[in-house]
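For reference, model_6.cif is printed below; it contains mmCIF, C-alpha atoms.
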data_protein
loop_
_atom_site.label_atom_id
_atom_site.label_comp_id
_atom_site.auth_asym_id
_atom_site.auth_seq_id
_atom_site.Cartn_x
_atom_site.Cartn_y
_atom_site.Cartn_z
CA MET A 27 -43.99 71.57 -55.87
CA ASP A 28 -41.35 72.50 -53.32
CA PHE A 29 -38.86 69.66 -53.41
CA ILE A 30 -36.81 70.83 -50.40
CA ALA A 31 -37.61 69.12 -47.11
CA LYS A 32 -39.08 71.51 -44.52
CA ASN A 33 -36.41 70.83 -41.89
CA ILE A 34 -33.67 71.51 -44.45
CA ALA A 35 -35.28 74.70 -45.74
CA GLU A 36 -35.31 76.07 -42.20
CA LEU A 37 -31.57 75.55 -41.64
CA SER A 38 -29.13 78.45 -41.70
CA PRO A 39 -25.90 78.00 -43.69
CA SER A 40 -22.65 78.04 -41.71
CA MET A 41 -21.68 81.70 -41.40
CA THR A 42 -18.11 80.83 -40.39
CA LEU A 43 -17.56 78.93 -43.64
CA ALA A 44 -19.29 81.68 -45.61
CA ILE A 45 -17.02 84.40 -44.17
CA THR A 46 -13.91 82.32 -44.88
CA SER A 47 -15.03 81.69 -48.46
CA GLN A 48 -15.77 85.38 -48.98
CA ALA A 49 -12.33 86.36 -47.71
CA LYS A 50 -10.67 83.78 -49.97
CA ALA A 51 -12.62 85.06 -52.98
CA LEU A 52 -11.50 88.64 -52.32
CA LYS A 53 -7.89 87.53 -51.94
CA LYS A 54 -8.13 85.74 -55.26
CA GLN A 55 -9.21 89.04 -56.81
CA GLY A 56 -6.07 90.65 -55.43
CA VAL A 57 -7.69 92.41 -52.45
CA ASP A 58 -5.41 92.63 -49.41
CA VAL A 59 -7.78 90.95 -46.93
CA LEU A 60 -6.63 89.79 -43.51
CA SER A 61 -8.84 86.89 -42.46
CA PHE A 62 -9.62 85.93 -38.86
CA GLY A 63 -12.56 83.72 -39.72
CA ALA A 64 -11.23 80.21 -40.05
CA GLY A 65 -11.45 77.78 -37.17
CA GLU A 66 -8.44 75.74 -38.17
CA PRO A 67 -4.76 75.69 -37.27
CA ASP A 68 -2.50 77.34 -39.84
CA PHE A 69 0.15 74.64 -39.29
CA ASP A 70 0.77 71.77 -41.69
CA THR A 71 -0.24 68.31 -40.55
CA PRO A 72 2.83 66.79 -38.86
CA ALA A 73 4.98 64.85 -41.33
CA HIS A 74 4.79 61.47 -39.56
CA ILE A 75 0.99 61.56 -39.74
CA THR A 76 1.01 62.35 -43.45
CA ALA A 77 3.63 59.65 -44.02
CA ALA A 78 1.43 57.03 -42.36
CA ALA A 79 -1.48 57.87 -44.66
CA ILE A 80 0.79 57.80 -47.72
CA GLU A 81 2.11 54.40 -46.68
CA ALA A 82 -1.45 53.17 -46.28
CA LEU A 83 -2.24 54.32 -49.82
CA ASN A 84 0.93 52.77 -51.22
CA THR A 85 0.23 49.43 -49.57
CA GLY A 86 -3.37 49.13 -50.72
CA LYS A 87 -5.12 50.02 -47.49
CA THR A 88 -7.99 51.62 -49.37
CA ARG A 89 -10.90 49.24 -48.81
CA TYR A 90 -13.86 49.44 -46.46
CA THR A 91 -13.25 49.14 -42.73
CA GLU A 92 -15.77 48.35 -40.04
CA SER A 93 -18.43 51.06 -40.02
CA ALA A 94 -17.17 52.27 -36.61
CA GLY A 95 -13.61 52.46 -37.91
CA LEU A 96 -10.47 50.36 -37.71
CA LEU A 97 -10.24 48.33 -34.52
CA GLU A 98 -6.60 49.36 -34.22
CA LEU A 99 -7.61 53.03 -34.25
CA ARG A 100 -10.45 52.52 -31.77
CA GLU A 101 -8.03 50.72 -29.47
CA ALA A 102 -5.63 53.66 -29.72
CA ILE A 103 -8.48 56.08 -28.95
CA ALA A 104 -9.52 53.98 -25.95
CA ALA A 105 -5.94 54.09 -24.65
CA LYS A 106 -5.80 57.85 -25.19
CA LEU A 107 -9.08 58.40 -23.35
CA LEU A 108 -7.86 56.33 -20.42
CA VAL A 109 -4.47 58.02 -20.10
CA ASP A 110 -5.46 61.61 -20.95
CA ASN A 111 -8.99 61.79 -19.63
CA GLY A 112 -9.45 59.05 -17.03
CA LEU A 113 -12.21 57.47 -19.13
CA GLN A 114 -12.42 53.71 -19.53
CA TYR A 115 -14.18 52.79 -22.77
CA ASP A 116 -14.13 49.50 -24.60
CA PRO A 117 -13.32 49.92 -28.33
CA SER A 118 -16.87 48.72 -29.04
CA GLN A 119 -18.13 51.93 -27.40
CA ILE A 120 -16.12 54.11 -29.77
CA SER A 121 -17.14 55.19 -33.25
CA VAL A 122 -14.76 56.97 -35.62
CA ASN A 123 -16.60 59.51 -37.75
CA CYS A 124 -15.98 61.94 -40.59
CA GLY A 125 -14.91 64.83 -38.37
CA ALA A 126 -16.03 65.85 -34.88
CA LYS A 127 -18.86 67.82 -36.51
CA HIS A 128 -20.13 64.51 -37.91
CA SER A 129 -19.62 62.96 -34.47
CA CYS A 130 -21.84 65.60 -32.86
CA TYR A 131 -24.52 65.11 -35.48
CA ASN A 132 -24.44 61.31 -35.17
CA ALA A 133 -24.82 61.60 -31.39
CA ILE A 134 -27.76 63.99 -31.69
CA ALA A 135 -29.41 61.90 -34.41
CA ALA A 136 -29.03 58.75 -32.31
CA CYS A 137 -30.70 60.22 -29.23
CA VAL A 138 -32.99 63.15 -30.03
CA ASN A 139 -36.57 62.54 -31.14
CA PRO A 140 -38.79 65.10 -32.87
CA GLY A 141 -40.05 67.45 -30.17
CA ASP A 142 -37.24 66.68 -27.71
CA GLU A 143 -35.51 69.73 -26.28
CA VAL A 144 -31.74 70.22 -26.25
CA ILE A 145 -30.25 72.88 -23.98
CA ILE A 146 -27.50 74.86 -25.68
CA PRO A 147 -25.57 77.55 -23.76
CA ALA A 148 -24.95 80.68 -25.83
CA PRO A 149 -22.61 81.82 -27.22
CA TYR A 150 -22.52 78.44 -28.94
CA TRP A 151 -20.76 76.81 -31.87
CA THR A 152 -22.92 77.74 -34.81
CA SER A 153 -23.82 74.19 -35.88
CA TYR A 154 -25.33 72.90 -32.63
CA PRO A 155 -28.84 74.40 -33.02
CA GLU A 156 -28.98 73.49 -36.71
CA MET A 157 -28.10 69.87 -35.97
CA VAL A 158 -30.86 69.69 -33.38
CA LYS A 159 -33.37 71.20 -35.81
CA LEU A 160 -32.23 68.82 -38.53
CA VAL A 161 -33.48 65.81 -36.53
CA GLY A 162 -36.68 67.55 -35.48
CA GLY A 163 -35.50 68.52 -32.01
CA ILE A 164 -36.00 71.91 -30.37
CA PRO A 165 -32.91 73.95 -29.45
CA VAL A 166 -33.36 75.70 -26.10
CA VAL A 167 -30.76 78.46 -26.12
CA VAL A 168 -29.61 79.75 -22.74
CA GLU A 169 -27.88 83.13 -22.85
CA THR A 170 -24.89 83.03 -20.53
CA LYS A 171 -23.32 86.07 -18.91
CA VAL A 172 -19.96 87.63 -19.63
CA GLU A 173 -19.37 87.97 -15.86
CA ASN A 174 -19.53 84.15 -15.68
CA ASP A 175 -16.98 83.88 -18.48
CA TRP A 176 -19.78 82.84 -20.84
CA LYS A 177 -20.41 79.58 -18.91
CA ILE A 178 -23.84 78.22 -18.03
CA THR A 179 -24.56 78.08 -14.30
CA PRO A 180 -26.49 75.33 -12.48
CA GLU A 181 -29.32 77.81 -11.87
CA GLU A 182 -29.54 78.70 -15.57
CA PHE A 183 -29.51 75.00 -16.45
CA GLU A 184 -32.37 74.23 -14.06
CA ASP A 185 -34.41 77.22 -15.25
CA ALA A 186 -34.11 76.02 -18.87
CA MET A 187 -35.24 72.46 -18.18
CA SER A 188 -38.68 71.09 -19.01
CA PRO A 189 -40.24 67.61 -19.14
CA MET A 190 -39.15 67.53 -22.82
CA THR A 191 -35.45 68.12 -22.11
CA LYS A 192 -33.42 65.25 -23.56
CA MET A 193 -29.87 66.61 -23.74
CA ILE A 194 -27.51 69.43 -22.79
CA ILE A 195 -24.48 70.30 -24.92
CA ILE A 196 -21.30 71.30 -23.08
CA ASN A 197 -18.35 72.58 -25.12
CA SER A 198 -15.15 73.01 -23.09
CA PRO A 199 -12.84 74.57 -24.13
CA GLY A 200 -15.48 76.53 -25.98
CA ASN A 201 -15.94 77.96 -29.44
CA PRO A 202 -16.37 80.97 -29.82
CA THR A 203 -15.61 82.08 -26.25
CA GLY A 204 -12.48 80.15 -25.27
CA SER A 205 -14.14 79.39 -21.93
CA VAL A 206 -12.93 76.40 -19.91
CA TYR A 207 -15.19 74.82 -17.28
CA THR A 208 -13.59 73.81 -13.99
CA LYS A 209 -14.08 70.38 -12.48
CA GLU A 210 -16.36 71.86 -9.83
CA GLU A 211 -18.51 73.60 -12.44
CA LEU A 212 -18.80 70.43 -14.50
CA LYS A 213 -19.63 68.36 -11.42
CA ALA A 214 -22.51 70.66 -10.54
CA LEU A 215 -23.93 70.53 -14.07
CA GLY A 216 -23.38 66.78 -14.33
CA GLU A 217 -25.18 66.03 -11.10
CA ILE A 218 -28.20 68.03 -12.23
CA ALA A 219 -28.23 66.23 -15.57
CA THR A 220 -28.01 62.77 -14.05
CA GLY A 221 -30.61 63.63 -11.43
CA GLU A 222 -33.05 64.59 -14.18
CA ASP A 223 -31.96 61.79 -16.57
CA ILE A 224 -30.69 64.28 -19.16
CA LEU A 225 -27.97 63.23 -21.58
CA ILE A 226 -24.76 65.23 -21.76
CA LEU A 227 -23.07 65.78 -25.11
CA SER A 228 -19.52 66.83 -24.20
CA ASP A 229 -17.69 68.36 -27.16
CA GLU A 230 -13.99 68.30 -26.24
CA ILE A 231 -12.40 68.97 -29.63
CA TYR A 232 -10.22 71.81 -28.21
CA GLU A 233 -8.99 69.86 -25.17
CA LYS A 234 -5.31 70.16 -26.10
CA LEU A 235 -5.53 73.94 -26.43
CA VAL A 236 -5.76 75.13 -22.82
CA TYR A 237 -3.58 77.91 -21.45
CA GLY A 238 -2.11 79.16 -18.20
CA GLU A 239 -3.17 77.38 -15.04
CA ASN A 240 -6.39 76.09 -16.59
CA GLN A 241 -6.88 72.37 -17.04
CA HIS A 242 -9.20 70.42 -19.29
CA VAL A 243 -11.52 68.02 -17.46
CA SER A 244 -13.72 65.45 -19.19
CA ILE A 245 -17.09 65.65 -17.49
CA ALA A 246 -17.57 61.87 -17.83
CA SER A 247 -14.52 61.32 -15.59
CA ILE A 248 -16.18 62.89 -12.55
CA SER A 249 -18.42 59.99 -11.51
CA LYS A 250 -19.85 56.72 -12.79
CA GLU A 251 -23.34 58.25 -12.87
CA ILE A 252 -22.18 61.12 -15.08
CA PHE A 253 -20.10 58.73 -17.21
CA ASP A 254 -23.21 56.65 -17.90
CA ASN A 255 -25.11 59.75 -19.05
CA THR A 256 -22.41 61.26 -21.27
CA ILE A 257 -21.42 61.07 -24.93
CA THR A 258 -17.84 62.30 -25.29
CA VAL A 259 -16.89 63.83 -28.65
CA ASN A 260 -13.36 64.56 -29.79
CA GLY A 261 -11.24 64.40 -32.91
CA PHE A 262 -8.00 65.18 -34.69
CA SER A 263 -8.66 68.48 -36.46
CA LYS A 264 -7.50 71.00 -33.87
CA ALA A 265 -4.81 69.18 -31.87
CA TYR A 266 -3.02 67.67 -34.86
CA ALA A 267 -3.79 70.25 -37.59
CA MET A 268 -5.86 67.66 -39.47
CA THR A 269 -8.97 69.70 -40.32
CA GLY A 270 -9.26 68.47 -43.91
CA TRP A 271 -8.75 64.84 -42.94
CA ARG A 272 -12.27 64.78 -41.45
CA LEU A 273 -11.78 62.44 -38.51
CA GLY A 274 -13.58 62.65 -35.18
CA TYR A 275 -14.97 60.15 -32.73
CA THR A 276 -17.65 59.48 -30.15
CA ALA A 277 -17.27 57.46 -26.97
CA ALA A 278 -20.61 56.55 -25.42
CA PRO A 279 -22.63 54.07 -23.38
CA LYS A 280 -22.90 50.80 -25.30
CA ARG A 281 -26.50 51.19 -26.49
CA ILE A 282 -25.87 54.70 -27.80
CA ALA A 283 -22.61 53.59 -29.41
CA GLU A 284 -24.49 50.85 -31.25
CA ALA A 285 -27.07 53.37 -32.48
CA ILE A 286 -24.34 55.69 -33.74
CA ASP A 287 -22.70 52.76 -35.52
CA THR A 288 -26.02 51.88 -37.17
CA ILE A 289 -26.47 55.46 -38.41
CA GLN A 290 -22.97 55.50 -39.84
CA SER A 291 -23.40 52.11 -41.53
CA HIS A 292 -26.24 53.62 -43.58
CA THR A 293 -24.63 57.00 -44.31
CA THR A 294 -20.85 57.08 -44.78
CA SER A 295 -20.26 53.29 -44.46
CA ASN A 296 -17.01 54.10 -42.65
CA PRO A 297 -14.56 56.97 -42.23
CA THR A 298 -11.90 57.24 -44.95
CA THR A 299 -9.63 54.24 -44.59
CA PHE A 300 -6.17 55.63 -45.33
CA ALA A 301 -6.88 58.71 -43.20
CA GLN A 302 -7.47 56.43 -40.23
CA TYR A 303 -3.89 55.18 -40.45
CA GLY A 304 -2.78 58.80 -40.16
CA ALA A 305 -4.93 59.12 -37.04
CA ILE A 306 -3.26 56.08 -35.49
CA ALA A 307 0.12 57.68 -36.11
CA ALA A 308 -1.15 60.90 -34.51
CA LEU A 309 -2.15 59.12 -31.31
CA VAL A 310 0.82 56.79 -30.88
CA GLY A 311 3.48 59.23 -32.10
CA ASP A 312 5.44 61.93 -30.26
CA GLN A 313 3.01 64.39 -28.65
CA GLN A 314 5.59 67.18 -28.31
CA ILE A 315 4.42 68.68 -31.60
CA VAL A 316 0.97 69.20 -30.05
CA ALA A 317 2.54 71.04 -27.12
CA ASP A 318 4.62 73.15 -29.50
CA MET A 319 1.54 74.22 -31.46
CA ARG A 320 -0.28 75.06 -28.23
CA ASP A 321 2.65 77.18 -27.06
CA GLU A 322 2.62 79.11 -30.34
CA PHE A 323 -1.11 79.68 -30.04
CA ASP A 324 -0.54 80.98 -26.51
CA VAL A 325 1.99 83.53 -27.75
CA ARG A 326 -0.55 84.76 -30.28
CA ARG A 327 -3.31 84.76 -27.67
CA GLN A 328 -1.37 86.93 -25.28
CA TYR A 329 -0.30 89.35 -27.98
CA MET A 330 -3.80 89.68 -29.43
CA LEU A 331 -5.25 90.18 -25.93
CA SER A 332 -2.87 93.07 -25.28
CA ARG A 333 -3.87 94.68 -28.58
CA LEU A 334 -7.61 94.24 -28.06
CA GLN A 335 -7.49 95.54 -24.50
CA ALA A 336 -5.99 98.78 -25.82
CA ILE A 337 -8.81 99.42 -28.32
CA LYS A 338 -11.59 101.78 -27.29
CA ASN A 339 -15.30 101.05 -27.74
CA ILE A 340 -14.99 97.27 -27.45
CA THR A 341 -14.92 94.73 -24.63
CA VAL A 342 -13.01 91.48 -24.42
CA VAL A 343 -12.80 88.52 -22.02
CA GLU A 344 -9.50 86.66 -21.91
CA PRO A 345 -10.00 83.21 -23.49
CA GLN A 346 -8.62 80.27 -21.51
CA GLY A 347 -8.68 77.74 -24.34
CA ALA A 348 -9.25 77.11 -28.07
CA PHE A 349 -8.02 79.87 -30.45
CA TYR A 350 -10.72 82.53 -30.53
CA PHE A 351 -11.57 85.92 -29.07
CA LEU A 352 -15.21 86.88 -28.70
CA VAL A 353 -15.14 90.67 -28.84
CA GLY A 354 -18.02 92.78 -27.53
CA ILE A 355 -19.05 95.58 -29.90
CA GLU A 356 -22.18 96.80 -28.10
CA PRO A 357 -20.59 100.19 -27.21
CA ILE A 358 -20.33 100.88 -30.96
CA GLY A 359 -24.02 100.16 -31.41
CA ILE A 360 -23.85 98.28 -34.72
CA LYS A 361 -25.26 94.78 -35.10
CA SER A 362 -22.71 92.08 -35.82
CA VAL A 363 -23.50 91.32 -39.48
CA ASN A 364 -23.48 94.99 -40.44
CA PHE A 365 -20.33 95.53 -38.39
CA CYS A 366 -18.47 92.67 -40.09
CA GLU A 367 -19.60 93.76 -43.55
CA LYS A 368 -18.23 97.26 -42.92
CA LEU A 369 -15.06 95.89 -41.36
CA LEU A 370 -14.46 93.76 -44.44
CA SER A 371 -15.33 96.42 -47.03
CA LYS A 372 -13.57 99.36 -45.36
CA GLY A 373 -10.94 97.77 -43.15
CA LYS A 374 -10.24 94.67 -45.28
CA VAL A 375 -10.47 92.50 -42.16
CA ALA A 376 -12.66 89.38 -42.08
CA ALA A 377 -14.26 88.35 -38.78
CA VAL A 378 -17.37 86.30 -37.98
CA PRO A 379 -20.56 88.04 -36.80
CA GLY A 380 -21.57 87.05 -33.28
CA VAL A 381 -25.17 86.47 -34.33
CA ALA A 382 -23.91 83.17 -35.80
CA PHE A 383 -23.12 82.11 -32.23
CA GLY A 384 -26.27 83.47 -30.61
CA ALA A 385 -24.52 86.63 -29.36
CA GLU A 386 -25.63 89.58 -31.48
CA TYR A 387 -23.36 92.40 -30.33
CA THR A 388 -20.12 90.43 -30.61
CA ILE A 389 -17.71 89.33 -33.31
CA ARG A 390 -15.28 86.42 -33.32
CA PHE A 391 -11.60 86.64 -34.21
CA SER A 392 -9.56 83.47 -34.70
CA TYR A 393 -5.90 83.68 -33.80
CA ALA A 394 -5.06 80.54 -35.77
CA THR A 395 -2.92 82.72 -38.00
CA GLY A 396 0.56 84.22 -37.93
CA LEU A 397 1.67 87.06 -35.68
CA ASP A 398 2.32 89.26 -38.72
CA VAL A 399 -1.32 88.91 -39.79
CA ILE A 400 -2.51 89.48 -36.23
CA ASN A 401 -0.39 92.62 -35.91
CA ALA A 402 -1.58 94.10 -39.20
CA GLY A 403 -5.15 93.04 -38.56
CA MET A 404 -5.26 94.64 -35.13
CA ASP A 405 -3.85 97.86 -36.61
CA ARG A 406 -6.72 97.95 -39.09
CA PHE A 407 -9.32 96.93 -36.50
CA GLU A 408 -8.15 99.62 -34.07
CA GLU A 409 -8.37 102.25 -36.81
CA PHE A 410 -11.85 101.03 -37.79
CA CYS A 411 -13.12 101.11 -34.19
CA GLY A 412 -11.65 104.58 -33.74
CA GLN A 413 -13.89 105.82 -36.56
CA HIS A 414 -17.09 104.66 -34.80
#
Entire entry expressed as structure tokens:
Amino acid sequence: MDFIAKNIAELSPSMTLAITSQAKALKKQGVDVLSFGAGEPDFDTPAHITAAAIEALNTGKTRYTESAGLLELREAIAAKLLVDNGLQYDPSQISVNCGAKHSCYNAIAACVNPGDEVIIPAPYWTSYPEMVKLVGGIPVVVETKVENDWKITPEEFEDAMSPMTKMIIINSPGNPTGSVYTKEELKALGEIATGEDILILSDEIYEKLVYGENQHVSIASISKEIFDNTITVNGFSKAYAMTGWRLGYTAAPKRIAEAIDTIQSHTTSNPTTFAQYGAIAALVGDQQIVADMRDEFDVRRQYMLSRLQAIKNITVVEPQGAFYFLVGIEPIGIKSVNFCEKLLSKGKVAAVPGVAFGAEYTIRFSYATGLDVINAGMDRFEEFCGQH
């Protein structure tokens, strides 16, 4: 008897985590590997956030909280959403989850029935289609165009719709592309979604990492109609260098928020209690440290862009947010998995194959690493590309 559930057996493991693990294993063996796989800041969690969690531990704040999270934290999130994003949510509409990945899954599980279709623009974050499949939904992948900065257009959205369409996932700033949707672009997509009664899952985990003249806009802030059709997802991992803390949140219409809370009450019970006190400190504390990290990422972004633009046989679009470059390797003519395997074995550089993001002839580099690593890594990558 096969004891593995069919929907689980059909899932693909996370290739980004696999690449990172492989690079770490080689480093442990003494191999000089330069890794560009991880999607996490290389900064330590700010000291005042860590101190708040330590104080919570030392004062016995280790028991269950409400399944949706501490009221004090949900109030702080509501205040943040109002000030930063122009979104007015009651704390009862907010659920604190075990990472924004968990938030996305909870939202999908709460709303998507078996057979429902979910539109996912590609290149996409690798977990979106797997989450949809996990609940029995059908991912409808829409290949976007590089000339549109990898963003789905209203026409592409409409062409992908069917009577079974339940949801569209918008990720801005985006992983792996670094694309940032403008207010006008979001408005056009939002009006189509509301007109067809399609839910919007807006993943805004990279909102604090936007560069140049670009601005982050929460799609739910555009109109009441769009607000009522949107689940906003965010978290603490990227902005506050809290990846291992596993804290994210959803903000949603009341009925959906209640469904998410019910799911969580039967799965994790609640997010980790003492970590939530760290999250409160993150939100109410000095935000200059977030700006400082963003500025450092921008320095790396600009340097890495200049290096990539000078390399022959590849193409690159300047990312406007997050901390990734999606590099086109089609001129070289090698599929992404094979390319990354050769790059790792011969060049000792770890990158993520674009097939993991629904974009075969691309690879993803993270610049959430030091300039010294970026410099050495680009030297090796340029040499590798010059040999093909």
For stretch 328-334 of chain A, find every residue with an atom within 9 Å (counting all atoms listed in the file), except residues of its own chain fewer than 5 positions away, and show them as JSON, numbers by chain. {"A": [323, 340, 341, 342, 343, 344, 345, 351, 353, 393, 397, 400, 401, 404, 405, 408]}
Find the spatial neighbours of A:Ala79, counting only C-alpha atoms, within a cut-off of 7 Å - ignore same-chain residues fewer than 4 positions away - and output them as a ChimeraX atom specification. /A:75,83,300-301,303-304
Residues selected by the PyMOL selection byres ((chain A and resi 249) around 12), written as a PDB file with C-alpha atoms, keeping the file's coordinate frame:
ATOM      1  CA  GLY A 112      -9.450  59.050 -17.030  1.00  0.00           C
ATOM      2  CA  LEU A 113     -12.210  57.470 -19.130  1.00  0.00           C
ATOM      3  CA  GLN A 114     -12.420  53.710 -19.530  1.00  0.00           C
ATOM      4  CA  LYS A 209     -14.080  70.380 -12.480  1.00  0.00           C
ATOM      5  CA  LEU A 212     -18.800  70.430 -14.500  1.00  0.00           C
ATOM      6  CA  LYS A 213     -19.630  68.360 -11.420  1.00  0.00           C
ATOM      7  CA  ALA A 214     -22.510  70.660 -10.540  1.00  0.00           C
ATOM      8  CA  GLY A 216     -23.380  66.780 -14.330  1.00  0.00           C
ATOM      9  CA  GLU A 217     -25.180  66.030 -11.100  1.00  0.00           C
ATOM     10  CA  THR A 220     -28.010  62.770 -14.050  1.00  0.00           C
ATOM     11  CA  SER A 244     -13.720  65.450 -19.190  1.00  0.00           C
ATOM     12  CA  ILE A 245     -17.090  65.650 -17.490  1.00  0.00           C
ATOM     13  CA  ALA A 246     -17.570  61.870 -17.830  1.00  0.00           C
ATOM     14  CA  SER A 247     -14.520  61.320 -15.590  1.00  0.00           C
ATOM     15  CA  ILE A 248     -16.180  62.890 -12.550  1.00  0.00           C
ATOM     16  CA  LYS A 250     -19.850  56.720 -12.790  1.00  0.00           C
ATOM     17  CA  GLU A 251     -23.340  58.250 -12.870  1.00  0.00           C
ATOM     18  CA  ILE A 252     -22.180  61.120 -15.080  1.00  0.00           C
ATOM     19  CA  PHE A 253     -20.100  58.730 -17.210  1.00  0.00           C
ATOM     20  CA  ASP A 254     -23.210  56.650 -17.900  1.00  0.00           C
ATOM     21  CA  ASN A 255     -25.110  59.750 -19.050  1.00  0.00           C
ATOM     22  CA  THR A 256     -22.410  61.260 -21.270  1.00  0.00           C
TER      23      THR A 256
END
Under the rule that all atoms listed in the file are counted, which of A:Ala382, A:Val316, A:Leu309, A:Ala49 is the nearest residue to A:Val236? A:Val316
Name all residues at most 9 Å from stretch 150-153 of chain A (count all atoms listed in the file; drop same-chain ones fewer than 4 positions away) and give them as a compact mmCIF listing (two decimals) with C-alpha atoms, keeping the file's coordinate frame.
# COMPACT_ATOMS: atom_id res chain seq x y z
CA SER A 38 -29.13 78.45 -41.70
CA PRO A 39 -25.90 78.00 -43.69
CA SER A 40 -22.65 78.04 -41.71
CA MET A 41 -21.68 81.70 -41.40
CA THR A 42 -18.11 80.83 -40.39
CA LYS A 127 -18.86 67.82 -36.51
CA ILE A 146 -27.50 74.86 -25.68
CA MET A 157 -28.10 69.87 -35.97
CA VAL A 158 -30.86 69.69 -33.38
CA VAL A 167 -30.76 78.46 -26.12
CA ASN A 197 -18.35 72.58 -25.12
CA GLY A 200 -15.48 76.53 -25.98
CA ASN A 201 -15.94 77.96 -29.44
CA PRO A 202 -16.37 80.97 -29.82
CA THR A 203 -15.61 82.08 -26.25
CA ALA A 382 -23.91 83.17 -35.80
CA PHE A 383 -23.12 82.11 -32.23
CA GLY A 384 -26.27 83.47 -30.61
CA ALA A 385 -24.52 86.63 -29.36
Would you translate the PyMOL selection byres ((chain A and resi 198) around 7) into the concrete set of residues it matches in this file, as a ChimeraX atom specification? /A:196-197,199-200,205-207,229-230
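Run against this file, the PyMOL selection byres ((chain A and resi 162) around 8) gives back Asn33, Val138, Asn139, Pro140, Gly141, Asp142, Val158, Lys159, Leu160, Val161, Gly163 and Ile164 of chain A.
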Mind writing stretch 148-164 of chain A to a file for me, with N, CA and C atoms, as a PDB file, in the first residue's frame?
ATOM      1  N   ALA A 148       3.950  34.107 -13.943  1.00  0.00           N
ATOM      2  CA  ALA A 148       5.308  33.558 -13.913  1.00  0.00           C
ATOM      3  C   ALA A 148       6.262  34.554 -14.571  1.00  0.00           C
ATOM      4  N   PRO A 149       7.464  34.672 -14.037  1.00  0.00           N
ATOM      5  CA  PRO A 149       8.077  33.908 -12.964  1.00  0.00           C
ATOM      6  C   PRO A 149       7.395  34.158 -11.615  1.00  0.00           C
ATOM      7  N   TYR A 150       7.271  33.079 -10.843  1.00  0.00           N
ATOM      8  CA  TYR A 150       6.565  33.142  -9.571  1.00  0.00           C
ATOM      9  C   TYR A 150       7.452  32.602  -8.445  1.00  0.00           C
ATOM     10  N   TRP A 151       7.095  32.975  -7.220  1.00  0.00           N
ATOM     11  CA  TRP A 151       7.744  32.349  -6.065  1.00  0.00           C
ATOM     12  C   TRP A 151       7.390  30.871  -6.088  1.00  0.00           C
ATOM     13  N   THR A 152       8.386  30.051  -5.895  1.00  0.00           N
ATOM     14  CA  THR A 152       8.278  28.619  -6.161  1.00  0.00           C
ATOM     15  C   THR A 152       7.172  27.901  -5.389  1.00  0.00           C
ATOM     16  N   SER A 153       6.750  28.432  -4.244  1.00  0.00           N
ATOM     17  CA  SER A 153       5.776  27.716  -3.414  1.00  0.00           C
ATOM     18  C   SER A 153       4.319  27.958  -3.806  1.00  0.00           C
ATOM     19  N   TYR A 154       4.034  29.008  -4.559  1.00  0.00           N
ATOM     20  CA  TYR A 154       2.630  29.312  -4.869  1.00  0.00           C
ATOM     21  C   TYR A 154       1.901  28.142  -5.551  1.00  0.00           C
ATOM     22  N   PRO A 155       2.416  27.607  -6.662  1.00  0.00           N
ATOM     23  CA  PRO A 155       1.672  26.520  -7.310  1.00  0.00           C
ATOM     24  C   PRO A 155       1.529  25.286  -6.421  1.00  0.00           C
ATOM     25  N   GLU A 156       2.552  24.994  -5.634  1.00  0.00           N
ATOM     26  CA  GLU A 156       2.504  23.807  -4.779  1.00  0.00           C
ATOM     27  C   GLU A 156       1.452  23.965  -3.679  1.00  0.00           C
ATOM     28  N   MET A 157       1.322  25.170  -3.155  1.00  0.00           N
ATOM     29  CA  MET A 157       0.284  25.426  -2.152  1.00  0.00           C
ATOM     30  C   MET A 157      -1.105  25.225  -2.738  1.00  0.00           C
ATOM     31  N   VAL A 158      -1.292  25.717  -3.960  1.00  0.00           N
ATOM     32  CA  VAL A 158      -2.590  25.568  -4.616  1.00  0.00           C
ATOM     33  C   VAL A 158      -2.898  24.092  -4.841  1.00  0.00           C
ATOM     34  N   LYS A 159      -1.900  23.342  -5.320  1.00  0.00           N
ATOM     35  CA  LYS A 159      -2.098  21.910  -5.551  1.00  0.00           C
ATOM     36  C   LYS A 159      -2.358  21.164  -4.250  1.00  0.00           C
ATOM     37  N   LEU A 160      -1.741  21.626  -3.185  1.00  0.00           N
ATOM     38  CA  LEU A 160      -1.881  20.957  -1.889  1.00  0.00           C
ATOM     39  C   LEU A 160      -3.324  20.951  -1.400  1.00  0.00           C
ATOM     40  N   VAL A 161      -4.099  21.980  -1.745  1.00  0.00           N
ATOM     41  CA  VAL A 161      -5.501  22.038  -1.313  1.00  0.00           C
ATOM     42  C   VAL A 161      -6.453  21.545  -2.407  1.00  0.00           C
ATOM     43  N   GLY A 162      -5.886  21.015  -3.486  1.00  0.00           N
ATOM     44  CA  GLY A 162      -6.722  20.484  -4.554  1.00  0.00           C
ATOM     45  C   GLY A 162      -7.085  21.491  -5.624  1.00  0.00           C
ATOM     46  N   GLY A 163      -6.525  22.689  -5.535  1.00  0.00           N
ATOM     47  CA  GLY A 163      -6.782  23.697  -6.555  1.00  0.00           C
ATOM     48  C   GLY A 163      -5.934  23.471  -7.795  1.00  0.00           C
ATOM     49  N   ILE A 164      -6.186  24.267  -8.819  1.00  0.00           N
ATOM     50  CA  ILE A 164      -5.479  24.127 -10.094  1.00  0.00           C
ATOM     51  C   ILE A 164      -4.702  25.414 -10.363  1.00  0.00           C
TER      52      ILE A 164
END
